[in-house]
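Visitor: Below: one structure in structure tokens.
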Amino acid sequence: MTIDQFNFAGKKAFVRVDFNVPLDENFNITDDTRMRAALPTLKKILADGGSVIIGSHLGRPKGVADKFSLKHILKHLSELLGVEPQFANDCMGEEAAVKAAALKPGEVLVLENLRFYAEEEGKPRGLADDATDEEKAAAKKAVKESQKEFTKKLASYADCYVNDAFGTAHRAHASTALIAKYFDKDHKMFGYLMEKEVKAVDKVLNDIQRPFTAIMGGSKVSSKIEIIENLLNKVDNLIIAGGMTYTFTKALGGKVGLSICEDDKLDLALDLLKKAKDKGVNMVLAVDAKVADSFSNDANTQFCNVNEIPDGWEGLDIGPKTEELFANVIKSSKTILWNGPTGVFEFENFTHGSRAVAEAIVEATKNGAFSLVGGGDSVACINKFGLAKEVSYVSTGGGALLEAIEGKVLPGIAAINE
Ligand code: AMP
């Protein structure tokens with residue numbers, strides 16, 4: 001079933017959204033992108049004459065905690081949606097069931113943070129540090145057992161299930177995947193956001209226009225190995241940027257000064273370079289760096305060859321020669337995936353490389369390339385530069401996007417398709 005085919009008139013929809021928005025110390029939402037992203041789905045259901053039961057997580061609570069209450073987002077949701085939402089203080093309590101049952105067409109009920117219950121994630125909580133393996137296994141079994149009741153109860157509130165939380169699609173949690181089995185094929189579907197995400201990933205995985213270039217930035221090789229290995233089977237060009245650069249540089253015999261470098265991953269870096277060569281993939285490494293004498297925005301800086309970083313200095317961004325090198329590869333590409341900044345973009349003085357990459361992607365997109373930007377920090381980057389609208393698609397998923405691109409089947413997607 002697709003959301004466009006479904007008529008929600010008179011129906012109650014359980015919509016799993018990702019309202020895991022950043023809040024400041026006064027509980028003001030500092031970035032509402034995720035909430036806005038869910039609006040088309042919520043509005044369609046309400047416009048059809050349906051009612052909505054919203055389920056989400058917020059943060060990583062270890063139990064009930066006011067700080068992580070979804071009550072903090074209600075006011076803003078009402079402004080965005082133009083409907084005053086009701087709230088159930090406990091997603092499992094009597095109140096939730098009563099309020100859900102009483103919902104009328106056009107009404108919205110927000111359930112309290114699903115992760116106040118360990119059952120949402122299905123992981124035991126409160127285990128003593130010195131718990132034995134047997135105790136751990138017993139606790140896991142217990143939470144899996146009670147997870148069934150939890151999931152069933154959530155499902156009982158609604159006539160149909162809509163998953164619009166791409167950010168958690170790689171987790172087999174109660175509300176993101178397990179709940180789907182309580183609804184038949186005609187009563188479960190992706191929301192508009194999920195549909196778009198799935199389509200964008202599909203384009204990068206299965207409908208590749210070549211050359212296909214991936215730009216992998218960020219801090220560590222170790223967190224991106226799987227995706228890099230997988231991309232080697234797909235891309236024509238693989239640009240390595242960000243902190244990862246220096247592990248490759250050192251592996252190749254260069255001097256990296258104080259730059260972040262994973263010394264235990266040098267062999268791995270060489271292995272990746274060899275694999276790329278064997279597969280005919282053009283692995284593009286930085287040639288120069290903007291180096292700093294401390295990890296700070298106000299540090300003294302200079303440019304130098306990437307493999308000749310002076311002692312006491314560290315690479316915090318790519319240099320101008322690398323910018324040009326990367327930009328040329330990007331501009332000649334027809335499919336582009338960008339994950340991770342080229343430097344410490346949080347510091348204004350080290351955003352230049354990431355901006356150059358973003359601008360090259362924009363230009364390639366204007367010339368007909370399909371460009372997908374995803375993973376938390378590259379999204380923050382493209383938003384910071386005001387270029388989000390100039391690329392083909394900005395994904396809301398970090399881990400979920402990467403796992404999808406690694407070729408993994410995401411539980412949240414499989415659960416709808418089953
Ligand atoms: P990731 O979450 O792996 O995509 O990494 C993003 C983080 O990598 C950002 O917070 C950047 O500041 C950081 N990063 C990028 N380049 C460097 C660098 N050269 N040195 C230290 N951190 C970096």
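Each chain in the structure tokens gets a letter, A, B and so on, in the order shown; residues start at 1 in every chain, and ligands are counted from 1 in the order they appear.
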Skipping near chain neighbours, those fewer than 3 positions away, what residues fall within 6 Å of stretch 395-401 of chain A using only C-alpha atoms, listed as a list of chain:residue names?

Guide: A:Phe166, A:Gly167, A:Ala169, A:His170, A:Gly374, A:Gly375, A:Gly376, A:Ala404

Visitor: Store the residues picked out above, limited to C-alpha atoms, as a compact mmCIF listing (two decimals), in the first residue's frame.

Guide:
# COMPACT_ATOMS: atom_id res chain seq x y z
CA PHE A 166 13.86 7.04 8.09
CA GLY A 167 16.41 8.05 10.74
CA ALA A 169 14.79 2.57 9.83
CA HIS A 170 17.99 0.62 10.49
CA GLY A 374 23.49 12.43 3.85
CA GLY A 375 24.86 11.68 7.25
CA GLY A 376 24.40 14.18 10.07
CA ALA A 404 21.13 1.33 3.16

Visitor: Using only C-alpha atoms and all ligand atoms, tabulate the residues of chain A lying at most 10 Å from any atom of ligand 1, each with its closest atom pair and that distance in Å to one decimal, by chain and increasing residue number, as a tab-separated table.

Guide:
residue	atom	partner	partner_atom_place_in_ligand_line	distance
A:Met216	CA	ligand 1	4 (O)	8.2
A:Gly217	CA	ligand 1	4 (O)	6.1
A:Gly218	CA	ligand 1	5 (O)	3.2
A:Ser219	CA	ligand 1	8 (O)	3.7
A:Lys220	CA	ligand 1	3 (O)	5.6
A:Val221	CA	ligand 1	3 (O)	8.1
A:Ser222	CA	ligand 1	3 (O)	9.1
A:Ser223	CA	ligand 1	3 (O)	6.7
A:Lys224	CA	ligand 1	3 (O)	7.5
A:Ala241	CA	ligand 1	16 (N)	7.3
A:Gly242	CA	ligand 1	16 (N)	3.5
A:Gly243	CA	ligand 1	18 (C)	3.7
A:Met244	CA	ligand 1	16 (N)	7.3
A:Thr245	CA	ligand 1	19 (N)	7.4
A:Tyr246	CA	ligand 1	19 (N)	7.8
A:Leu258	CA	ligand 1	20 (N)	9.5
A:Ser259	CA	ligand 1	20 (N)	6.3
A:Ile260	CA	ligand 1	20 (N)	5.6
A:Cys261	CA	ligand 1	20 (N)	8.7
A:Ala289	CA	ligand 1	19 (N)	8.7
A:Lys290	CA	ligand 1	19 (N)	8.9
A:Val291	CA	ligand 1	19 (N)	8.7
A:Ala292	CA	ligand 1	19 (N)	10.0
A:Phe295	CA	ligand 1	21 (C)	8.2
A:Glu314	CA	ligand 1	19 (N)	7.6
A:Gly315	CA	ligand 1	19 (N)	5.1
A:Leu316	CA	ligand 1	19 (N)	3.8
A:Asp317	CA	ligand 1	19 (N)	5.3
A:Ile318	CA	ligand 1	19 (N)	7.9
A:Asn339	CA	ligand 1	4 (O)	6.6
A:Gly340	CA	ligand 1	4 (O)	4.1
A:Pro341	CA	ligand 1	15 (C)	5.6
A:Thr342	CA	ligand 1	16 (N)	5.4
A:Gly343	CA	ligand 1	16 (N)	3.3
A:Val344	CA	ligand 1	12 (O)	3.4
A:Phe345	CA	ligand 1	12 (O)	5.5
A:Glu346	CA	ligand 1	12 (O)	5.9
A:Phe347	CA	ligand 1	12 (O)	7.8
A:Phe350	CA	ligand 1	16 (N)	8.9
A:Thr351	CA	ligand 1	12 (O)	9.6
A:Gly353	CA	ligand 1	16 (N)	9.9
A:Ser354	CA	ligand 1	15 (C)	9.4
A:Gly374	CA	ligand 1	4 (O)	9.6
A:Gly375	CA	ligand 1	4 (O)	6.7
A:Gly376	CA	ligand 1	2 (O)	6.9
A:Asp377	CA	ligand 1	4 (O)	5.5
A:Ser378	CA	ligand 1	4 (O)	7.1
A:Val379	CA	ligand 1	4 (O)	9.9
A:Ala380	CA	ligand 1	9 (C)	9.9
A:Cys381	CA	ligand 1	9 (C)	9.7
A:Gly398	CA	ligand 1	4 (O)	8.9
A:Gly399	CA	ligand 1	2 (O)	9.9

Visitor: Between A:Met189, A:Asp130, A:Val98, A:Gly50, which residue has the minimum interatomic distance to A:Gln5, considering only C-alpha atoms?

Guide: A:Met189

Visitor: Name the residues of stretch 99-306 of chain A that fall into helix (DSSP H, G or I) according to DSSP on the backbone, using the chain letters and numbers of this document, as a tab-separated table (two decimals) with N, CA, C and O atoms, in the first residue's frame.

Guide:
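Heads up, here's the output in result21.tsv:
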chain	number	residue	atom	x	y	z
A	99	LYS	N	-7.47	8.15	25.17
A	99	LYS	CA	-7.38	9.29	24.26
A	99	LYS	C	-7.32	8.83	22.80
A	99	LYS	O	-7.92	9.45	21.93
A	100	ALA	N	-6.63	7.75	22.56
A	100	ALA	CA	-6.56	7.24	21.18
A	100	ALA	C	-7.95	6.81	20.71
A	100	ALA	O	-8.37	7.12	19.60
A	101	ALA	N	-8.67	6.13	21.61
A	101	ALA	CA	-10.00	5.63	21.23
A	101	ALA	C	-10.96	6.79	20.94
A	101	ALA	O	-11.85	6.68	20.10
A	102	ALA	N	-10.75	7.92	21.64
A	102	ALA	CA	-11.69	9.04	21.51
A	102	ALA	C	-11.32	10.00	20.37
A	102	ALA	O	-12.04	10.98	20.12
A	114	LEU	N	8.64	7.09	23.32
A	114	LEU	CA	8.54	5.62	23.33
A	114	LEU	C	9.73	4.98	24.05
A	114	LEU	O	9.62	3.92	24.61
A	115	ARG	N	10.87	5.67	24.02
A	115	ARG	CA	12.07	5.08	24.64
A	115	ARG	C	12.11	5.25	26.15
A	115	ARG	O	13.07	4.86	26.78
A	116	PHE	N	11.01	5.80	26.74
A	116	PHE	CA	10.93	5.74	28.20
A	116	PHE	C	10.78	4.28	28.62
A	116	PHE	O	11.01	3.93	29.77
A	118	ALA	N	12.05	0.39	27.98
A	118	ALA	CA	13.15	-0.41	27.41
A	118	ALA	C	12.62	-1.27	26.26
A	118	ALA	O	13.36	-1.64	25.35
A	119	GLU	N	11.32	-1.56	26.31
A	119	GLU	CA	10.73	-2.44	25.30
A	119	GLU	C	10.79	-1.83	23.90
A	119	GLU	O	10.78	-2.56	22.91
A	120	GLU	N	10.83	-0.52	23.79
A	120	GLU	CA	10.89	0.09	22.46
A	120	GLU	C	12.13	-0.43	21.71
A	120	GLU	O	12.04	-0.87	20.58
A	121	GLU	N	13.27	-0.37	22.38
A	121	GLU	CA	14.49	-0.84	21.72
A	121	GLU	C	14.72	-2.34	21.93
A	121	GLU	O	15.52	-2.95	21.21
A	133	ASP	N	26.92	-13.45	32.44
A	133	ASP	CA	26.35	-13.68	31.12
A	133	ASP	C	24.93	-14.24	31.22
A	133	ASP	O	24.05	-13.89	30.44
A	134	GLU	N	24.75	-15.10	32.24
A	134	GLU	CA	23.42	-15.69	32.42
A	134	GLU	C	22.39	-14.62	32.78
A	134	GLU	O	21.28	-14.61	32.26
A	135	GLU	N	22.81	-13.72	33.69
A	135	GLU	CA	21.89	-12.64	34.08
A	135	GLU	C	21.57	-11.76	32.88
A	135	GLU	O	20.43	-11.34	32.68
A	136	LYS	N	22.59	-11.50	32.07
A	136	LYS	CA	22.37	-10.66	30.88
A	136	LYS	C	21.39	-11.34	29.93
A	136	LYS	O	20.47	-10.72	29.41
A	137	ALA	N	21.60	-12.62	29.73
A	137	ALA	CA	20.73	-13.37	28.81
A	137	ALA	C	19.29	-13.40	29.33
A	137	ALA	O	18.34	-13.22	28.57
A	138	ALA	N	19.15	-13.57	30.66
A	138	ALA	CA	17.81	-13.62	31.24
A	138	ALA	C	17.11	-12.27	31.09
A	138	ALA	O	15.93	-12.19	30.76
A	139	ALA	N	17.88	-11.20	31.31
A	139	ALA	CA	17.30	-9.85	31.20
A	139	ALA	C	16.89	-9.57	29.76
A	139	ALA	O	15.85	-8.98	29.49
A	140	LYS	N	17.70	-10.03	28.84
A	140	LYS	CA	17.39	-9.82	27.42
A	140	LYS	C	16.12	-10.58	27.03
A	140	LYS	O	15.24	-10.05	26.36
A	141	LYS	N	16.04	-11.81	27.54
A	141	LYS	CA	14.87	-12.63	27.25
A	141	LYS	C	13.61	-11.96	27.80
A	141	LYS	O	12.57	-11.90	27.14
A	142	ALA	N	13.74	-11.44	29.02
A	142	ALA	CA	12.58	-10.81	29.67
A	142	ALA	C	12.10	-9.59	28.89
A	142	ALA	O	10.91	-9.42	28.66
A	143	VAL	N	13.04	-8.76	28.45
A	143	VAL	CA	12.61	-7.55	27.74
A	143	VAL	C	12.05	-7.90	26.37
A	143	VAL	O	11.08	-7.29	25.89
A	144	LYS	N	12.59	-8.92	25.74
A	144	LYS	CA	12.04	-9.35	24.43
A	144	LYS	C	10.61	-9.85	24.61
A	144	LYS	O	9.75	-9.64	23.75
A	145	GLU	N	10.40	-10.54	25.73
A	145	GLU	CA	9.08	-11.09	26.03
A	145	GLU	C	8.09	-9.94	26.23
A	145	GLU	O	7.02	-9.91	25.61
A	146	SER	N	8.45	-8.97	27.08
A	146	SER	CA	7.51	-7.87	27.36
A	146	SER	C	7.40	-6.93	26.15
A	146	SER	O	6.42	-6.20	26.01
A	147	GLN	N	8.39	-7.00	25.26
A	147	GLN	CA	8.33	-6.16	24.05
A	147	GLN	C	7.12	-6.53	23.19
A	147	GLN	O	6.52	-5.66	22.55
A	148	LYS	N	6.75	-7.80	23.22
A	148	LYS	CA	5.59	-8.22	22.40
A	148	LYS	C	4.33	-7.50	22.86
A	148	LYS	O	3.55	-7.01	22.04
A	149	GLU	N	4.12	-7.48	24.19
A	149	GLU	CA	2.93	-6.80	24.74
A	149	GLU	C	2.96	-5.31	24.42
A	149	GLU	O	1.95	-4.70	24.07
A	150	PHE	N	4.14	-4.73	24.57
A	150	PHE	CA	4.34	-3.30	24.31
A	150	PHE	C	3.95	-2.97	22.87
A	150	PHE	O	3.17	-2.06	22.59
A	151	THR	N	4.46	-3.77	21.96
A	151	THR	CA	4.22	-3.53	20.53
A	151	THR	C	2.74	-3.70	20.18
A	151	THR	O	2.16	-2.89	19.46
A	152	LYS	N	2.18	-4.76	20.76
A	152	LYS	CA	0.77	-5.05	20.49
A	152	LYS	C	-0.11	-3.90	20.97
A	152	LYS	O	-1.07	-3.51	20.31
A	153	LYS	N	0.24	-3.37	22.13
A	153	LYS	CA	-0.54	-2.27	22.69
A	153	LYS	C	-0.45	-1.03	21.78
A	153	LYS	O	-1.47	-0.40	21.48
A	154	LEU	N	0.75	-0.72	21.32
A	154	LEU	CA	0.89	0.43	20.41
A	154	LEU	C	0.02	0.22	19.17
A	154	LEU	O	-0.68	1.12	18.72
A	155	ALA	N	0.08	-0.98	18.64
A	155	ALA	CA	-0.68	-1.29	17.41
A	155	ALA	C	-2.17	-1.18	17.66
A	155	ALA	O	-2.93	-0.80	16.76
A	156	SER	N	-2.59	-1.50	18.91
A	156	SER	CA	-4.04	-1.54	19.19
A	156	SER	C	-4.68	-0.15	19.13
A	156	SER	O	-5.89	-0.03	19.03
A	166	PHE	N	12.72	7.65	8.78
A	166	PHE	CA	13.86	7.04	8.09
A	166	PHE	C	15.09	6.96	8.99
A	166	PHE	O	15.85	6.01	8.95
A	167	GLY	N	15.25	7.98	9.84
A	167	GLY	CA	16.41	8.05	10.74
A	167	GLY	C	16.58	6.82	11.62
A	167	GLY	O	17.68	6.51	12.06
A	168	THR	N	15.47	6.10	11.89
A	168	THR	CA	15.58	4.91	12.73
A	168	THR	C	15.23	3.63	11.95
A	168	THR	O	15.04	2.58	12.55
A	178	LEU	N	8.72	-3.86	14.39
A	178	LEU	CA	7.93	-5.00	14.91
A	178	LEU	C	6.43	-4.75	14.82
A	178	LEU	O	5.65	-5.66	14.55
A	179	ILE	N	6.03	-3.52	15.03
A	179	ILE	CA	4.60	-3.17	15.02
A	179	ILE	C	3.92	-3.50	13.68
A	179	ILE	O	2.73	-3.80	13.64
A	180	ALA	N	4.72	-3.49	12.62
A	180	ALA	CA	4.13	-3.66	11.28
A	180	ALA	C	3.44	-5.01	11.12
A	180	ALA	O	2.52	-5.14	10.32
A	181	LYS	N	3.87	-5.98	11.92
A	181	LYS	CA	3.25	-7.29	11.70
A	181	LYS	C	1.81	-7.36	12.24
A	181	LYS	O	1.08	-8.30	11.97
A	182	TYR	N	1.39	-6.35	12.97
A	182	TYR	CA	0.01	-6.31	13.44
A	182	TYR	C	-0.94	-5.68	12.42
A	182	TYR	O	-2.12	-5.49	12.68
A	185	LYS	N	-1.00	-6.07	4.74
A	185	LYS	CA	-0.33	-5.31	3.68
A	185	LYS	C	-1.08	-4.05	3.24
A	185	LYS	O	-0.48	-3.07	2.83
A	186	ASP	N	-2.43	-4.13	3.34
A	186	ASP	CA	-3.23	-2.99	2.90
A	186	ASP	C	-3.34	-1.89	3.96
A	186	ASP	O	-3.97	-0.86	3.72
A	187	HIS	N	-2.80	-2.15	5.13
A	187	HIS	CA	-2.93	-1.16	6.21
A	187	HIS	C	-1.59	-0.74	6.79
A	187	HIS	O	-1.51	-0.28	7.94
A	192	TYR	N	5.48	9.90	3.28
A	192	TYR	CA	6.11	10.56	2.11
A	192	TYR	C	7.63	10.69	2.26
A	192	TYR	O	8.38	10.55	1.31
A	193	LEU	N	8.07	10.99	3.49
A	193	LEU	CA	9.50	11.16	3.70
A	193	LEU	C	10.24	9.84	3.44
A	193	LEU	O	11.24	9.80	2.71
A	194	MET	N	9.71	8.77	4.02
A	194	MET	CA	10.33	7.46	3.80
A	194	MET	C	10.34	7.11	2.32
A	194	MET	O	11.33	6.61	1.79
A	195	GLU	N	9.23	7.38	1.65
A	195	GLU	CA	9.15	7.07	0.21
A	195	GLU	C	10.29	7.78	-0.53
A	195	GLU	O	10.95	7.21	-1.38
A	196	LYS	N	10.48	9.05	-0.18
A	196	LYS	CA	11.52	9.84	-0.88
A	196	LYS	C	12.90	9.31	-0.57
A	196	LYS	O	13.76	9.23	-1.45
A	197	GLU	N	13.13	8.97	0.69
A	197	GLU	CA	14.44	8.45	1.10
A	197	GLU	C	14.75	7.14	0.37
A	197	GLU	O	15.85	6.93	-0.13
A	198	VAL	N	13.75	6.28	0.35
A	198	VAL	CA	13.94	4.96	-0.27
A	198	VAL	C	14.25	5.13	-1.76
A	198	VAL	O	15.14	4.48	-2.31
A	199	LYS	N	13.55	6.06	-2.38
A	199	LYS	CA	13.76	6.33	-3.80
A	199	LYS	C	15.17	6.89	-4.06
A	199	LYS	O	15.84	6.51	-5.01
A	200	ALA	N	15.61	7.80	-3.19
A	200	ALA	CA	16.93	8.41	-3.37
A	200	ALA	C	18.04	7.37	-3.22
A	200	ALA	O	18.99	7.33	-4.00
A	201	VAL	N	17.90	6.51	-2.22
A	201	VAL	CA	18.90	5.46	-2.03
A	201	VAL	C	18.89	4.52	-3.24
A	201	VAL	O	19.94	4.13	-3.75
A	202	ASP	N	17.70	4.22	-3.69
A	202	ASP	CA	17.58	3.31	-4.83
A	202	ASP	C	18.27	3.88	-6.06
A	202	ASP	O	18.93	3.16	-6.80
A	203	LYS	N	18.16	5.17	-6.23
A	203	LYS	CA	18.78	5.81	-7.39
A	203	LYS	C	20.31	5.69	-7.32
A	203	LYS	O	20.97	5.42	-8.32
A	204	VAL	N	20.83	5.86	-6.12
A	204	VAL	CA	22.28	5.77	-5.95
A	204	VAL	C	22.77	4.32	-6.02
A	204	VAL	O	23.89	4.05	-6.42
A	205	LEU	N	21.90	3.40	-5.64
A	205	LEU	CA	22.34	2.00	-5.65
A	205	LEU	C	22.05	1.28	-6.95
A	205	LEU	O	22.83	0.45	-7.41
A	206	ASN	N	20.90	1.59	-7.53
A	206	ASN	CA	20.46	0.76	-8.66
A	206	ASN	C	20.25	1.48	-9.98
A	206	ASN	O	20.01	0.84	-11.00
A	225	ILE	N	34.62	2.06	7.44
A	225	ILE	CA	35.24	1.01	6.63
A	225	ILE	C	34.23	0.25	5.78
A	225	ILE	O	34.41	0.09	4.58
A	226	GLU	N	33.15	-0.17	6.47
A	226	GLU	CA	32.20	-1.01	5.75
A	226	GLU	C	31.64	-0.30	4.54
A	226	GLU	O	31.55	-0.87	3.46
A	227	ILE	N	31.30	0.96	4.74
A	227	ILE	CA	30.71	1.68	3.62
A	227	ILE	C	31.75	1.93	2.53
A	227	ILE	O	31.46	1.83	1.34
A	228	ILE	N	32.97	2.21	2.93
A	228	ILE	CA	34.01	2.44	1.91
A	228	ILE	C	34.21	1.16	1.10
A	228	ILE	O	34.25	1.19	-0.14
A	229	GLU	N	34.30	0.03	1.78
A	229	GLU	CA	34.51	-1.23	1.06
A	229	GLU	C	33.36	-1.50	0.11
A	229	GLU	O	33.56	-1.90	-1.03
A	230	ASN	N	32.17	-1.24	0.60
A	230	ASN	CA	31.01	-1.49	-0.24
A	230	ASN	C	30.96	-0.54	-1.44
A	230	ASN	O	30.64	-0.95	-2.56
A	231	LEU	N	31.33	0.69	-1.19
A	231	LEU	CA	31.30	1.68	-2.28
A	231	LEU	C	32.32	1.35	-3.37
A	231	LEU	O	32.11	1.67	-4.54
A	244	MET	N	39.99	11.34	8.14
A	244	MET	CA	40.46	10.06	7.60
A	244	MET	C	41.70	10.21	6.74
A	244	MET	O	42.52	9.30	6.62
A	245	THR	N	41.80	11.39	6.13
A	245	THR	CA	42.91	11.67	5.22
A	245	THR	C	44.26	11.25	5.78
A	245	THR	O	45.09	10.65	5.10
A	246	TYR	N	44.44	11.57	7.08
A	246	TYR	CA	45.79	11.46	7.65
A	246	TYR	C	46.19	10.02	7.95
A	246	TYR	O	47.37	9.69	7.98
A	247	THR	N	45.20	9.17	8.13
A	247	THR	CA	45.51	7.75	8.28
A	247	THR	C	46.05	7.23	6.95
A	247	THR	O	47.04	6.48	6.91
A	248	PHE	N	45.43	7.65	5.86
A	248	PHE	CA	45.92	7.24	4.54
A	248	PHE	C	47.30	7.84	4.27
A	248	PHE	O	48.20	7.15	3.79
A	249	THR	N	47.44	9.12	4.60
A	249	THR	CA	48.72	9.80	4.33
A	249	THR	C	49.86	9.10	5.09
A	249	THR	O	50.92	8.83	4.52
A	250	LYS	N	49.61	8.82	6.36
A	250	LYS	CA	50.66	8.19	7.16
A	250	LYS	C	50.97	6.78	6.64
A	250	LYS	O	52.13	6.39	6.55
A	251	ALA	N	49.90	6.08	6.26
A	251	ALA	CA	50.10	4.72	5.73
A	251	ALA	C	50.99	4.76	4.49
A	251	ALA	O	51.77	3.84	4.24
A	263	ASP	N	46.49	4.93	14.12
A	263	ASP	CA	47.71	4.15	13.85
A	263	ASP	C	47.43	2.66	13.68
A	263	ASP	O	48.17	1.98	12.98
A	264	ASP	N	46.36	2.19	14.29
A	264	ASP	CA	46.06	0.76	14.13
A	264	ASP	C	45.29	0.47	12.83
A	264	ASP	O	44.89	-0.66	12.59
A	265	LYS	N	45.08	1.50	12.03
A	265	LYS	CA	44.33	1.29	10.79
A	265	LYS	C	45.19	1.56	9.54
A	265	LYS	O	44.67	1.68	8.44
A	266	LEU	N	46.50	1.63	9.74
A	266	LEU	CA	47.36	1.95	8.59
A	266	LEU	C	47.32	0.83	7.55
A	266	LEU	O	47.21	1.09	6.34
A	267	ASP	N	47.38	-0.41	8.03
A	267	ASP	CA	47.34	-1.55	7.09
A	267	ASP	C	46.00	-1.57	6.35
A	267	ASP	O	45.94	-1.86	5.15
A	268	LEU	N	44.99	-1.27	7.11
A	268	LEU	CA	43.65	-1.25	6.51
A	268	LEU	C	43.58	-0.20	5.40
A	268	LEU	O	43.02	-0.45	4.31
A	269	ALA	N	44.15	0.96	5.67
A	269	ALA	CA	44.14	2.02	4.66
A	269	ALA	C	44.86	1.55	3.39
A	269	ALA	O	44.36	1.74	2.27
A	270	LEU	N	46.00	0.89	3.56
A	270	LEU	CA	46.75	0.39	2.39
A	270	LEU	C	45.93	-0.66	1.66
A	270	LEU	O	45.89	-0.71	0.42
A	271	ASP	N	45.25	-1.49	2.45
A	271	ASP	CA	44.43	-2.54	1.86
A	271	ASP	C	43.29	-1.93	1.02
A	271	ASP	O	42.98	-2.40	-0.08
A	272	LEU	N	42.69	-0.86	1.55
A	272	LEU	CA	41.61	-0.20	0.81
A	272	LEU	C	42.14	0.39	-0.50
A	272	LEU	O	41.49	0.32	-1.55
A	273	LEU	N	43.34	0.96	-0.42
A	273	LEU	CA	43.94	1.53	-1.64
A	273	LEU	C	44.20	0.44	-2.68
A	273	LEU	O	43.95	0.61	-3.88
A	274	LYS	N	44.65	-0.71	-2.20
A	274	LYS	CA	44.94	-1.82	-3.12
A	274	LYS	C	43.63	-2.34	-3.74
A	274	LYS	O	43.54	-2.56	-4.94
A	275	LYS	N	42.62	-2.49	-2.89
A	275	LYS	CA	41.32	-2.97	-3.38
A	275	LYS	C	40.79	-2.03	-4.45
A	275	LYS	O	40.25	-2.45	-5.48
A	276	ALA	N	40.93	-0.73	-4.19
A	276	ALA	CA	40.45	0.26	-5.15
A	276	ALA	C	41.17	0.07	-6.48
A	276	ALA	O	40.55	0.06	-7.55
A	277	LYS	N	42.49	-0.11	-6.40
A	277	LYS	CA	43.27	-0.26	-7.62
A	277	LYS	C	42.82	-1.51	-8.38
A	277	LYS	O	42.58	-1.46	-9.60
A	278	ASP	N	42.66	-2.62	-7.65
A	278	ASP	CA	42.24	-3.87	-8.29
A	278	ASP	C	40.89	-3.73	-8.98
A	278	ASP	O	40.62	-4.36	-9.98
A	279	LYS	N	40.04	-2.92	-8.38
A	279	LYS	CA	38.68	-2.78	-8.94
A	279	LYS	C	38.60	-1.65	-9.95
A	279	LYS	O	37.52	-1.35	-10.48

Visitor: With only C-alpha atoms as the basis for distance, which of A:Phe19, A:Phe190, A:Tyr117, A:Phe6 is at the shortest distance from A:His76?

Guide: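 Looking only at the distances to A:His76, the closest residue turns out to be A:Phe19.
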
Visitor: Please list as number ranges by chain every residue within 10 Å of A:Ile73, counting only C-alpha atoms and excluding residues in the same chain fewer than 3 positions away.

Guide: A: 19-21, 23, 27-29, 32, 35, 58, 69-70, 76-78, 110

Visitor: With only C-alpha atoms as the atoms that count, which of A:Glu348, A:Glu418, A:Glu94, A:Asp4 lies nearest to A:Asp298?

Guide: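 Between A:Glu348, A:Glu418, A:Glu94, A:Asp4, the residue approaching A:Asp298 most closely is A:Glu348.
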
Visitor: Report, in Å with one decimal, the straight-line distance from atom CA of A:Val17 to atom CA of A:Ala165.

Guide: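 Going from atom CA of A:Val17 over to atom CA of A:Ala165 covers 4.5 Å.
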
Visitor: Just asking: which residues within stretch 24-261 of chain A are strand (DSSP E) according to DSSP, as a ChimeraX atom specification?

Guide: /A:51-55,86-88,108-111,160-163,188-190,212-216,237-240

Visitor: What's around A:Glu25 at 12 Å? Count only C-alpha atoms, leave out sequence neighbours fewer than 5 positions away in its own chain, and write the answer as a PyMOL selection string.

Guide: chain A and resi 30+67-68+72

Visitor: Nearest to A:Val306: which of A:Val162, A:Leu337, A:Gly254, A:Val357 is it, counting only C-alpha atoms?

Guide: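 Among A:Val162, A:Leu337, A:Gly254, A:Val357, it is A:Gly254 that comes nearest to A:Val306.
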
Visitor: Excluding A:Leu238 and any residue of its chain fewer than 5 positions from it, enumerate the residues within 6 Å of it, using only C-alpha atoms, and give them as a list in words.

Guide: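 Counting only C-alpha atoms, the residues come to Thr213, Ala214, Met283 and Val284 of chain A.
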
Visitor: Take the residues that were just selected and, keeping N, CA and C atoms, output them as an mmCIF file, in the first residue's frame.

Guide:
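New file part_38.cif:
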data_model
loop_
_atom_site.group_PDB
_atom_site.id
_atom_site.type_symbol
_atom_site.label_atom_id
_atom_site.label_comp_id
_atom_site.auth_asym_id
_atom_site.auth_seq_id
_atom_site.Cartn_x
_atom_site.Cartn_y
_atom_site.Cartn_z
ATOM 1 N N THR A 213 30.589 9.323 -8.185
ATOM 2 C CA THR A 213 31.624 9.750 -7.240
ATOM 3 C C THR A 213 31.069 9.818 -5.826
ATOM 4 N N ALA A 214 31.777 9.195 -4.904
ATOM 5 C CA ALA A 214 31.402 9.330 -3.491
ATOM 6 C C ALA A 214 32.478 10.149 -2.793
ATOM 7 N N MET A 283 40.756 6.276 -6.502
ATOM 8 C CA MET A 283 40.688 6.763 -5.125
ATOM 9 C C MET A 283 41.403 8.106 -5.100
ATOM 10 N N VAL A 284 40.694 9.156 -4.681
ATOM 11 C CA VAL A 284 41.268 10.495 -4.745
ATOM 12 C C VAL A 284 41.601 10.971 -3.335
#

Visitor: Can you tell me, as a list in words, what residues are no more than 8 Å from stretch 85-87 of chain A when counting only C-alpha atoms, ignoring any on the same chain fewer than 5 positions away?

Guide: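 Counting only C-alpha atoms, the residues come to Lys71, Leu74, Leu77, Ser78, Glu107, Val108, Leu109, Val110, Leu111 and Glu112 of chain A.
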
Visitor: Within 10 Å of A:Ala369, counting only C-alpha atoms, which residues show up once you throw out same-chain ones fewer than 5 positions away? Write them as a PyMOL selection string, please.

Guide: chain A and resi 209-212+330-336+361-364+391-392

Visitor: Work out how far apart atom CA of A:His57 and atom CA of A:Ala9 are and give it in Å to one decimal.

Guide: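 A separation of 26.9 Å between them.
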